[in-house]
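A.B. asks: So here's start15.cif (mmCIF, C-alpha atoms and all ligand atoms).
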data_coords
loop_
_atom_site.label_atom_id
_atom_site.label_comp_id
_atom_site.auth_asym_id
_atom_site.auth_seq_id
_atom_site.Cartn_x
_atom_site.Cartn_y
_atom_site.Cartn_z
CA MET A 244 -90.68 37.37 205.20
CA SER A 245 -91.06 34.44 207.58
CA GLN A 246 -88.48 31.68 207.79
CA SER A 247 -90.94 29.06 206.54
CA ARG A 248 -91.72 31.05 203.40
CA LEU A 249 -88.07 31.27 202.53
CA GLN A 250 -87.88 27.48 202.38
CA GLY A 251 -90.78 26.93 200.03
CA LYS A 252 -90.59 26.84 196.28
CA LEU A 253 -92.97 26.03 193.47
CA TYR A 254 -91.75 24.40 190.30
CA ILE A 255 -94.06 24.27 187.29
CA VAL A 256 -92.60 21.34 185.39
CA GLY A 257 -93.13 20.41 181.75
CA ILE A 258 -92.57 16.65 181.74
CA GLY A 259 -92.47 16.13 177.97
CA PRO A 260 -94.71 14.22 175.57
CA GLY A 261 -94.56 10.74 177.07
CA SER A 262 -91.37 8.75 177.18
CA ILE A 263 -89.22 9.34 180.25
CA GLU A 264 -86.25 9.79 177.89
CA HIS A 265 -87.76 13.13 176.90
CA LEU A 266 -87.90 14.42 180.48
CA THR A 267 -85.15 17.04 180.71
CA LYS A 268 -82.43 16.76 183.34
CA LYS A 269 -83.58 20.04 184.87
CA ALA A 270 -87.17 18.71 185.15
CA LYS A 271 -85.94 15.50 186.73
CA ASP A 272 -83.84 17.41 189.29
CA ALA A 273 -86.83 19.60 190.23
CA LEU A 274 -89.04 16.53 190.70
CA LEU A 275 -86.39 14.78 192.81
CA GLU A 276 -86.05 17.86 195.02
CA SER A 277 -89.81 18.16 195.57
CA GLU A 278 -91.61 17.03 198.73
CA TYR A 279 -94.94 17.19 196.90
CA VAL A 280 -95.75 16.44 193.27
CA ILE A 281 -99.17 17.48 192.04
CA GLY A 282 -100.76 16.46 188.75
CA ASN A 283 -103.35 14.36 187.01
CA GLY A 284 -103.11 10.58 186.97
CA THR A 285 -101.84 10.07 183.44
CA TYR A 286 -98.97 12.50 183.83
CA LEU A 287 -98.03 11.17 187.29
CA ASP A 288 -97.86 7.66 185.84
CA GLN A 289 -95.55 8.95 183.12
CA ILE A 290 -92.94 9.97 185.74
CA ALA A 291 -93.71 7.35 188.41
CA ASP A 292 -90.11 6.10 188.56
CA VAL A 293 -88.76 9.57 189.33
CA ILE A 294 -91.19 10.56 192.10
CA LYS A 295 -91.10 7.49 194.31
CA ASN A 296 -90.07 9.45 197.42
CA ALA A 297 -92.41 12.43 197.02
CA LYS A 298 -95.89 12.85 198.44
CA ILE A 299 -98.17 12.53 195.43
CA ILE A 300 -101.37 14.53 195.04
CA ARG A 301 -103.49 13.12 192.22
CA SER A 302 -106.16 15.31 190.80
CA GLY A 303 -108.68 14.69 188.06
CA MET A 304 -108.79 16.28 184.62
CA GLY A 305 -110.69 19.54 184.79
CA GLY A 306 -109.66 20.29 188.38
CA GLU A 307 -106.96 22.70 187.27
CA VAL A 308 -107.97 25.72 189.37
CA GLU A 309 -108.17 23.71 192.60
CA ARG A 310 -104.87 21.98 191.72
CA ALA A 311 -103.13 25.32 191.16
CA ARG A 312 -104.47 26.76 194.45
CA ARG A 313 -103.31 23.74 196.37
CA ALA A 314 -99.85 23.88 194.81
CA VAL A 315 -99.49 27.59 195.58
CA PHE A 316 -100.69 27.08 199.16
CA LEU A 317 -98.32 24.17 199.84
CA SER A 318 -95.35 25.95 198.30
CA ARG A 319 -95.37 28.58 201.06
CA ASP A 320 -93.29 26.22 203.16
CA HIS A 321 -92.62 23.15 201.00
CA VAL A 322 -90.83 22.42 197.76
CA VAL A 323 -93.64 21.53 195.37
CA SER A 324 -93.79 20.52 191.71
CA ILE A 325 -96.98 20.92 189.72
CA ILE A 326 -96.67 19.08 186.44
CA SER A 327 -97.90 19.56 182.88
CA GLY A 328 -97.60 17.19 179.94
CA GLY A 329 -95.29 18.53 177.23
CA ASP A 330 -94.50 22.14 178.08
CA ALA A 331 -96.36 24.05 180.80
CA ASN A 332 -96.73 27.13 178.58
CA VAL A 333 -98.41 25.23 175.77
CA TYR A 334 -102.03 24.82 176.90
CA GLY A 335 -100.51 23.79 180.23
CA MET A 336 -100.55 24.70 183.92
CA ALA A 337 -98.23 27.75 183.85
CA GLY A 338 -101.07 30.20 183.19
CA ILE A 339 -103.49 29.27 185.95
CA VAL A 340 -100.67 28.82 188.50
CA PHE A 341 -99.34 32.31 187.80
CA GLU A 342 -102.86 33.75 187.92
CA VAL A 343 -103.37 32.25 191.38
CA ALA A 344 -99.83 33.04 192.57
CA GLU A 345 -100.05 36.69 191.50
CA LYS A 346 -102.09 37.29 194.65
CA GLU A 347 -99.41 35.71 196.87
CA SER A 348 -96.55 38.14 196.50
CA ASP A 349 -93.61 36.29 198.06
CA ILE A 350 -93.82 32.79 196.64
CA GLU A 351 -90.78 31.64 194.70
CA ILE A 352 -91.76 30.08 191.37
CA GLU A 353 -89.72 28.58 188.57
CA VAL A 354 -91.07 27.24 185.26
CA ILE A 355 -89.11 24.34 183.78
CA PRO A 356 -89.59 23.97 180.01
CA GLY A 357 -90.51 20.65 178.43
CA VAL A 358 -90.67 19.06 174.99
CA THR A 359 -94.10 19.99 173.63
CA ALA A 360 -96.27 17.67 171.52
CA LEU A 361 -95.58 19.87 168.49
CA SER A 362 -91.83 19.21 168.68
CA ALA A 363 -92.25 15.51 169.34
CA ALA A 364 -94.71 15.09 166.46
CA ALA A 365 -92.66 17.22 164.07
CA SER A 366 -89.59 15.09 164.77
CA LEU A 367 -91.51 11.90 163.99
CA LEU A 368 -92.76 13.39 160.71
CA GLY A 369 -89.29 14.58 159.70
CA ALA A 370 -89.31 18.31 158.96
CA PRO A 371 -92.92 19.51 158.62
CA VAL A 372 -92.57 22.78 160.57
CA VAL A 373 -89.19 24.57 160.19
CA SER A 374 -90.86 27.77 158.89
CA ASP A 375 -93.33 30.12 160.64
CA PHE A 376 -96.10 28.23 162.37
CA ALA A 377 -99.26 28.75 164.41
CA ALA A 378 -100.67 26.48 167.09
CA VAL A 379 -104.44 26.34 167.52
CA SER A 380 -106.31 24.33 170.14
CA LEU A 381 -109.78 23.14 169.14
CA SER A 382 -110.88 22.84 172.76
CA ASP A 383 -113.77 25.24 173.28
CA LEU A 384 -114.01 24.64 177.03
CA LEU A 385 -112.14 27.86 177.81
CA THR A 386 -112.03 29.58 174.40
CA PRO A 387 -115.19 30.64 172.52
CA ILE A 388 -115.67 28.72 169.27
CA ASP A 389 -115.93 31.88 167.14
CA LEU A 390 -112.49 32.99 168.38
CA ILE A 391 -111.07 29.56 167.47
CA GLU A 392 -112.62 29.95 164.01
CA ARG A 393 -111.13 33.43 163.55
CA ARG A 394 -107.65 32.24 164.53
CA LEU A 395 -107.85 29.16 162.31
CA LYS A 396 -108.91 31.24 159.32
CA SER A 397 -106.15 33.80 159.93
CA ALA A 398 -103.48 31.12 160.27
CA ALA A 399 -104.69 29.33 157.14
CA GLN A 400 -104.92 32.52 155.13
CA ALA A 401 -101.44 33.68 156.20
CA ASP A 402 -99.89 30.38 155.05
CA PHE A 403 -98.61 29.35 158.48
CA VAL A 404 -97.82 25.71 159.12
CA ILE A 405 -100.64 24.88 161.56
CA ALA A 406 -100.43 22.62 164.60
CA ILE A 407 -103.85 21.52 165.80
CA TYR A 408 -103.85 20.66 169.50
CA ASN A 409 -106.87 19.06 171.20
CA PRO A 410 -108.43 18.01 167.87
CA LYS A 411 -111.13 15.95 169.57
CA SER A 412 -112.49 14.90 172.92
CA LYS A 413 -115.42 12.66 173.81
CA SER A 414 -117.78 15.64 173.88
CA ARG A 415 -116.25 17.45 170.87
CA ARG A 416 -115.99 14.88 168.12
CA GLN A 417 -117.10 17.28 165.36
CA ASN A 418 -114.56 20.06 165.87
CA PHE A 419 -111.82 18.33 163.92
CA GLY A 420 -113.79 17.89 160.66
CA TRP A 421 -115.06 21.45 161.04
CA ALA A 422 -111.50 22.80 161.38
CA ILE A 423 -110.29 20.86 158.33
CA GLU A 424 -113.14 22.31 156.26
CA ILE A 425 -112.05 25.83 157.27
CA ILE A 426 -108.40 25.19 156.39
CA ARG A 427 -109.35 23.60 153.03
CA GLU A 428 -110.84 26.91 151.95
CA TYR A 429 -107.31 28.35 151.90
CA ARG A 430 -105.08 25.37 151.02
CA SER A 431 -104.90 23.03 148.02
CA GLU A 432 -106.07 19.42 148.42
CA ASP A 433 -102.51 18.08 148.12
CA THR A 434 -101.20 20.15 151.06
CA PRO A 435 -99.38 17.69 153.35
CA ALA A 436 -101.02 16.86 156.68
CA GLY A 437 -99.50 14.78 159.48
CA ILE A 438 -101.38 12.90 162.17
CA VAL A 439 -99.37 11.89 165.23
CA LYS A 440 -101.03 9.97 168.02
CA ASN A 441 -99.33 9.13 171.33
CA ALA A 442 -95.96 10.56 170.29
CA THR A 443 -93.08 8.84 172.16
CA ARG A 444 -95.42 6.61 174.17
CA GLU A 445 -97.31 3.34 173.84
CA GLY A 446 -99.60 3.29 170.80
CA GLU A 447 -97.48 5.76 168.83
CA THR A 448 -98.98 6.25 165.35
CA VAL A 449 -97.59 8.48 162.59
CA ILE A 450 -99.45 9.16 159.35
CA ALA A 451 -98.26 11.52 156.60
CA THR A 452 -101.09 12.29 154.18
CA THR A 453 -102.76 15.31 152.54
CA ILE A 454 -105.60 17.65 153.49
CA GLY A 455 -107.69 16.08 150.73
CA LYS A 456 -107.36 12.62 152.28
CA ILE A 457 -107.06 13.38 155.98
CA MET A 458 -110.71 12.67 156.84
CA GLU A 459 -110.13 9.04 155.76
CA TYR A 460 -108.17 8.82 159.02
CA ASN A 461 -110.84 10.56 161.10
CA ASP A 462 -111.19 7.52 163.39
CA VAL A 463 -107.48 7.63 164.27
CA VAL A 464 -107.73 11.18 165.58
CA ASP A 465 -108.54 11.47 169.28
CA MET A 466 -107.54 13.53 172.31
CA SER A 467 -104.04 11.97 172.31
CA THR A 468 -103.39 13.20 168.78
CA ILE A 469 -101.83 16.31 167.29
CA VAL A 470 -102.30 17.24 163.64
CA LEU A 471 -99.78 19.26 161.64
CA ILE A 472 -100.86 20.96 158.41
CA GLY A 473 -98.10 22.04 156.01
CA ASN A 474 -97.87 25.41 154.24
CA SER A 475 -98.13 25.98 150.47
CA GLU A 476 -94.49 24.92 149.99
CA SER A 477 -94.60 21.73 152.09
CA ARG A 478 -94.32 18.39 150.31
CA LEU A 479 -94.84 14.73 151.13
CA TRP A 480 -91.95 12.26 151.10
CA ASP A 481 -94.50 9.56 150.55
CA SER A 482 -92.32 6.45 150.51
CA ARG A 483 -90.91 7.44 153.92
CA ASN A 484 -94.14 8.66 155.55
CA ARG A 485 -92.53 12.07 156.09
CA ILE A 486 -93.30 15.73 155.40
CA ILE A 487 -90.77 18.36 154.34
CA THR A 488 -91.35 22.10 154.61
CA PRO A 489 -88.55 23.91 152.80
CA ARG A 490 -86.99 26.70 154.85
CA GLY A 491 -86.11 28.70 151.74
CA TYR A 492 -82.53 27.52 151.06
CA GLN A 493 -83.67 26.53 147.56
CA ARG A 494 -84.19 30.19 146.75
CA LYS A 495 -80.54 30.98 147.51
CA TYR A 496 -78.51 27.85 146.95
CA GLU A 497 -78.26 24.88 144.63
CA TYR A 498 -78.06 21.47 146.30
N1 LIG B 501 -98.85 21.02 177.37
C1 LIG B 501 -99.03 20.01 176.33
C2 LIG B 501 -100.33 20.16 175.58
C3 LIG B 501 -101.56 20.00 176.45
S1 LIG B 501 -103.06 20.07 175.51
C4 LIG B 501 -97.83 20.06 175.37
O1 LIG B 501 -96.98 20.95 175.49
O2 LIG B 501 -97.74 19.16 174.53
C5 LIG B 501 -103.31 18.35 175.19
C6 LIG B 501 -103.15 18.08 173.71
O3 LIG B 501 -101.77 18.00 173.38
C7 LIG B 501 -103.72 16.74 173.26
O4 LIG B 501 -105.12 16.81 172.99
C8 LIG B 501 -102.93 16.50 171.99
O5 LIG B 501 -103.44 17.30 170.93
C9 LIG B 501 -101.55 17.06 172.36
N2 LIG B 501 -100.63 16.03 172.87
C10 LIG B 501 -100.07 15.98 174.09
N3 LIG B 501 -99.22 14.93 174.19
C11 LIG B 501 -99.24 14.30 173.00
C12 LIG B 501 -98.56 13.15 172.46
N4 LIG B 501 -97.69 12.44 173.20
N5 LIG B 501 -98.82 12.78 171.18
C13 LIG B 501 -99.67 13.51 170.41
N6 LIG B 501 -100.35 14.60 170.87
C14 LIG B 501 -100.13 15.00 172.13
#
How does this structure look as structure tokens?
C.D. replies:
Amino acid sequence: MSQSRLQGKLYIVGIGPGSIEHLTKKAKDALLESEYVIGNGTYLDQIADVIKNAKIIRSGMGGEVERARRAVFLSRDHVVSIISGGDANVYGMAGIVFEVAEKESDIEIEVIPGVTALSAAASLLGAPVVSDFAAVSLSDLLTPIDLIERRLKSAAQADFVIAIYNPKSKSRRQNFGWAIEIIREYRSEDTPAGIVKNATREGETVIATTIGKIMEYNDVVDMSTIVLIGNSESRLWDSRNRIITPRGYQRKYEY
């Protein structure tokens, strides 16, 4: 192994859902150590205060493969961070970076976990998850739509709490309504549903409603939104705009 390779390192950093307060200490340390920070504009802006001394490589949405190759190449002899919003393993950059890096046997890589949108949104809604859950992305750019449909149906049928990532984009405005129709086949109309837009950042919006009424808020839902659908035991705490999914304590204890 050459001397220069020994010095390089690639961090794949989950930077959290928005607010800098939700950037972990470990993520901050990795960013501060990095000579290069690579990411798309929105995420770089989110951590601008932390990366003042690094060389910044901005790349557009959709340029993930090129971004990953560049990060892997640079990390042969530089300390590099490639960033993902939320957590890098949740529809984030970890996958493509590892796929590219697999061909470069002696690169040192470390993945730093981050607070994913699901956790941020669940916290704002109170306790909507707590039990078994499934996350489904409605983005059909990389996943065939019939596979998305199969997974949605399975999750709905098996009574998982469901987190819907990527509910809409400019070119996929219909997917959200379509997904709700599928879930409604398996859940009652009064099943709680939470809409969280821009969790922990400017424009934060939190709505606790039901599956029966969720399409009334269709205009609120966009690509900065995550939607959480409760299971058959979930209930609304209406006056507080919160959702509670019982963990099962009520079956064992009185309280
Ligand atoms: N790696 C990210 C997810 C990337 S996919 C994570 O762990 O959170 C992008 C999708 O995540 C968006 O379309 C939206 O559904 C969700 N998302 C990301 N940040 C969000 C936030 N601050 N508020 C609400 N939803 C968010």
A.B. asks: Please list, as a list in words, the residues that have an atom at most 12 Å away from (-111.2, 21.8, 175.1) in the coordinates of this file, counting all atoms listed in the file.
C.D. replies: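 Looking at atoms near the point gives Met304, Gly305, Tyr334, Val379, Ser380, Leu381, Ser382, Asp383, Leu384, Leu385, Thr386, Pro387, Ile388, Ile391, Ile407, Tyr408, Asn409, Pro410, Lys411, Ser412, Lys413, Ser414, Arg415, Arg416, Asn418, Phe419 and Met466 of chain A.
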A.B. asks: May I have the selected residues written with C-alpha atoms, as a CSV table (one decimal), keeping the file's coordinate frame?
C.D. replies:
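Writing the result to out.csv gives the following:
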chain,number,residue,atom,x,y,z
A,304,MET,CA,-108.8,16.3,184.6
A,305,GLY,CA,-110.7,19.5,184.8
A,334,TYR,CA,-102.0,24.8,176.9
A,379,VAL,CA,-104.4,26.3,167.5
A,380,SER,CA,-106.3,24.3,170.1
A,381,LEU,CA,-109.8,23.1,169.1
A,382,SER,CA,-110.9,22.8,172.8
A,383,ASP,CA,-113.8,25.2,173.3
A,384,LEU,CA,-114.0,24.6,177.0
A,385,LEU,CA,-112.1,27.9,177.8
A,386,THR,CA,-112.0,29.6,174.4
A,387,PRO,CA,-115.2,30.6,172.5
A,388,ILE,CA,-115.7,28.7,169.3
A,391,ILE,CA,-111.1,29.6,167.5
A,407,ILE,CA,-103.8,21.5,165.8
A,408,TYR,CA,-103.8,20.7,169.5
A,409,ASN,CA,-106.9,19.1,171.2
A,410,PRO,CA,-108.4,18.0,167.9
A,411,LYS,CA,-111.1,16.0,169.6
A,412,SER,CA,-112.5,14.9,172.9
A,413,LYS,CA,-115.4,12.7,173.8
A,414,SER,CA,-117.8,15.6,173.9
A,415,ARG,CA,-116.2,17.4,170.9
A,416,ARG,CA,-116.0,14.9,168.1
A,418,ASN,CA,-114.6,20.1,165.9
A,419,PHE,CA,-111.8,18.3,163.9
A,466,MET,CA,-107.5,13.5,172.3
A.B. asks: In Å to one decimal, how far is atom CA of A:Ala442 from atom CA of A:Val323?
C.D. replies: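 Computing it gives 27.5 Å between the two atoms.
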A.B. asks: Check every protein, DNA and RNA residue against ligand LIG 501 (chain B), keep those with an atom at most 6 Å away (counting all atoms listed in the file), and present them as JSON, numbers by chain.
C.D. replies: {"A": [260, 261, 327, 328, 329, 330, 331, 333, 334, 335, 359, 360, 408, 409, 410, 439, 440, 441, 442, 443, 466, 467, 468, 469]}
A.B. asks: Dump C-alpha atoms for the selected residues as a PDB file, in the coordinates of the input?
C.D. replies:
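That gives us out.pdb:
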ATOM      1  CA  PRO A 260     -94.710  14.220 175.570  1.00  0.00           C
ATOM      2  CA  GLY A 261     -94.560  10.740 177.070  1.00  0.00           C
ATOM      3  CA  SER A 327     -97.900  19.560 182.880  1.00  0.00           C
ATOM      4  CA  GLY A 328     -97.600  17.190 179.940  1.00  0.00           C
ATOM      5  CA  GLY A 329     -95.290  18.530 177.230  1.00  0.00           C
ATOM      6  CA  ASP A 330     -94.500  22.140 178.080  1.00  0.00           C
ATOM      7  CA  ALA A 331     -96.360  24.050 180.800  1.00  0.00           C
ATOM      8  CA  VAL A 333     -98.410  25.230 175.770  1.00  0.00           C
ATOM      9  CA  TYR A 334    -102.030  24.820 176.900  1.00  0.00           C
ATOM     10  CA  GLY A 335    -100.510  23.790 180.230  1.00  0.00           C
ATOM     11  CA  THR A 359     -94.100  19.990 173.630  1.00  0.00           C
ATOM     12  CA  ALA A 360     -96.270  17.670 171.520  1.00  0.00           C
ATOM     13  CA  TYR A 408    -103.850  20.660 169.500  1.00  0.00           C
ATOM     14  CA  ASN A 409    -106.870  19.060 171.200  1.00  0.00           C
ATOM     15  CA  PRO A 410    -108.430  18.010 167.870  1.00  0.00           C
ATOM     16  CA  VAL A 439     -99.370  11.890 165.230  1.00  0.00           C
ATOM     17  CA  LYS A 440    -101.030   9.970 168.020  1.00  0.00           C
ATOM     18  CA  ASN A 441     -99.330   9.130 171.330  1.00  0.00           C
ATOM     19  CA  ALA A 442     -95.960  10.560 170.290  1.00  0.00           C
ATOM     20  CA  THR A 443     -93.080   8.840 172.160  1.00  0.00           C
ATOM     21  CA  MET A 466    -107.540  13.530 172.310  1.00  0.00           C
ATOM     22  CA  SER A 467    -104.040  11.970 172.310  1.00  0.00           C
ATOM     23  CA  THR A 468    -103.390  13.200 168.780  1.00  0.00           C
ATOM     24  CA  ILE A 469    -101.830  16.310 167.290  1.00  0.00           C
TER      25      ILE A 469
END
A.B. asks: Rounded to one decimal, what separation in Å do you get between atom CA of A:Gly282 and atom CA of A:Ala314?
C.D. replies: 9.6 Å
A.B. asks: Take atom CA of A:Ile299 and atom CA of A:Lys346 and report the distance between them in Å, one decimal.
C.D. replies: 25.1 Å
A.B. asks: Can you pull out every residue within 7 Å of stretch 482-485 of chain A, counting only C-alpha atoms, but drop anything in the same chain fewer than 5 positions away, and send it as a list of chain:residue names?
C.D. replies: A:Leu368, A:Gly369, A:Ile450, A:Ala451
A.B. asks: So which one's closest to A:Pro435, A:Trp421, A:Asp402, A:Val464, A:Ser475? Using only C-alpha atoms, please.
C.D. replies: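 The closest residue to A:Pro435 is A:Ser475.
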A.B. asks: Counting all atoms listed in the file, which of A:Leu479, A:Gly473, A:Leu367, A:Arg427 gets nearest to A:Gly455?
C.D. replies: A:Arg427
A.B. asks: Considering all atoms listed in the file, return as a PyMOL selection string whatever protein or nucleic-acid residues lie within 12 Å of A:Arg301, sequence-local ones (same chain, fewer than 5 positions apart) excluded.
C.D. replies: chain A and resi 279-288+291+306-307+309-310+313-314+325-326
A.B. asks: As a short mmCIF file (atom, residue, chain, number, x, y, z; two decimals), in the coordinates of the input, please: stretch 262-290 of chain A completed to N, CA and C atoms.
C.D. replies:
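selection-v4.cif written:
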data_model
loop_
_atom_site.label_atom_id
_atom_site.label_comp_id
_atom_site.auth_asym_id
_atom_site.auth_seq_id
_atom_site.Cartn_x
_atom_site.Cartn_y
_atom_site.Cartn_z
N SER A 262 -92.49 9.58 176.74
CA SER A 262 -91.37 8.75 177.18
C SER A 262 -90.49 9.49 178.19
N ILE A 263 -90.05 8.76 179.20
CA ILE A 263 -89.22 9.34 180.25
C ILE A 263 -87.88 9.85 179.69
N GLU A 264 -87.49 9.33 178.54
CA GLU A 264 -86.25 9.79 177.89
C GLU A 264 -86.35 11.25 177.47
N HIS A 265 -87.57 11.74 177.33
CA HIS A 265 -87.76 13.13 176.90
C HIS A 265 -88.03 14.06 178.08
N LEU A 266 -87.86 13.56 179.29
CA LEU A 266 -87.90 14.42 180.48
C LEU A 266 -86.53 15.08 180.59
N THR A 267 -86.48 16.40 180.68
CA THR A 267 -85.15 17.04 180.71
C THR A 267 -84.48 16.78 182.06
N LYS A 268 -83.18 16.96 182.10
CA LYS A 268 -82.43 16.76 183.34
C LYS A 268 -82.89 17.76 184.41
N LYS A 269 -83.13 18.98 183.95
CA LYS A 269 -83.58 20.04 184.87
C LYS A 269 -84.96 19.67 185.48
N ALA A 270 -85.84 19.12 184.66
CA ALA A 270 -87.17 18.71 185.15
C ALA A 270 -87.01 17.57 186.15
N LYS A 271 -86.16 16.64 185.83
CA LYS A 271 -85.94 15.50 186.73
C LYS A 271 -85.40 15.98 188.08
N ASP A 272 -84.43 16.89 188.04
CA ASP A 272 -83.84 17.41 189.29
C ASP A 272 -84.90 18.12 190.14
N ALA A 273 -85.77 18.89 189.49
CA ALA A 273 -86.83 19.60 190.23
C ALA A 273 -87.77 18.60 190.89
N LEU A 274 -88.12 17.54 190.15
CA LEU A 274 -89.04 16.53 190.70
C LEU A 274 -88.38 15.80 191.88
N LEU A 275 -87.09 15.50 191.74
CA LEU A 275 -86.39 14.78 192.81
C LEU A 275 -86.27 15.64 194.07
N GLU A 276 -86.19 16.94 193.88
CA GLU A 276 -86.05 17.86 195.02
C GLU A 276 -87.39 18.08 195.73
N SER A 277 -88.49 17.77 195.07
CA SER A 277 -89.81 18.16 195.57
C SER A 277 -90.35 17.22 196.66
N GLU A 278 -90.93 17.83 197.71
CA GLU A 278 -91.61 17.03 198.73
C GLU A 278 -92.99 16.61 198.24
N TYR A 279 -93.61 17.49 197.47
CA TYR A 279 -94.94 17.19 196.90
C TYR A 279 -94.88 17.28 195.39
N VAL A 280 -95.57 16.34 194.73
CA VAL A 280 -95.75 16.44 193.27
C VAL A 280 -97.25 16.36 193.00
N ILE A 281 -97.73 17.38 192.29
CA ILE A 281 -99.17 17.48 192.04
C ILE A 281 -99.44 17.38 190.55
N GLY A 282 -100.42 16.55 190.17
CA GLY A 282 -100.76 16.46 188.75
C GLY A 282 -101.91 15.52 188.53
N ASN A 283 -102.30 15.35 187.27
CA ASN A 283 -103.35 14.36 187.01
C ASN A 283 -102.73 12.98 186.82
N GLY A 284 -103.57 11.96 186.90
CA GLY A 284 -103.11 10.58 186.97
C GLY A 284 -102.21 10.16 185.82
N THR A 285 -102.61 10.50 184.61
CA THR A 285 -101.84 10.07 183.44
C THR A 285 -100.42 10.61 183.49
N TYR A 286 -100.30 11.88 183.82
CA TYR A 286 -98.97 12.50 183.83
C TYR A 286 -98.13 11.97 185.00
N LEU A 287 -98.78 11.73 186.15
CA LEU A 287 -98.03 11.17 187.29
C LEU A 287 -97.50 9.79 186.96
N ASP A 288 -98.31 8.99 186.24
CA ASP A 288 -97.86 7.66 185.84
C ASP A 288 -96.64 7.73 184.94
N GLN A 289 -96.65 8.76 184.09
CA GLN A 289 -95.55 8.95 183.12
C GLN A 289 -94.20 9.12 183.82
N ILE A 290 -94.21 9.68 185.03
CA ILE A 290 -92.94 9.97 185.74
C ILE A 290 -92.83 9.19 187.04
#
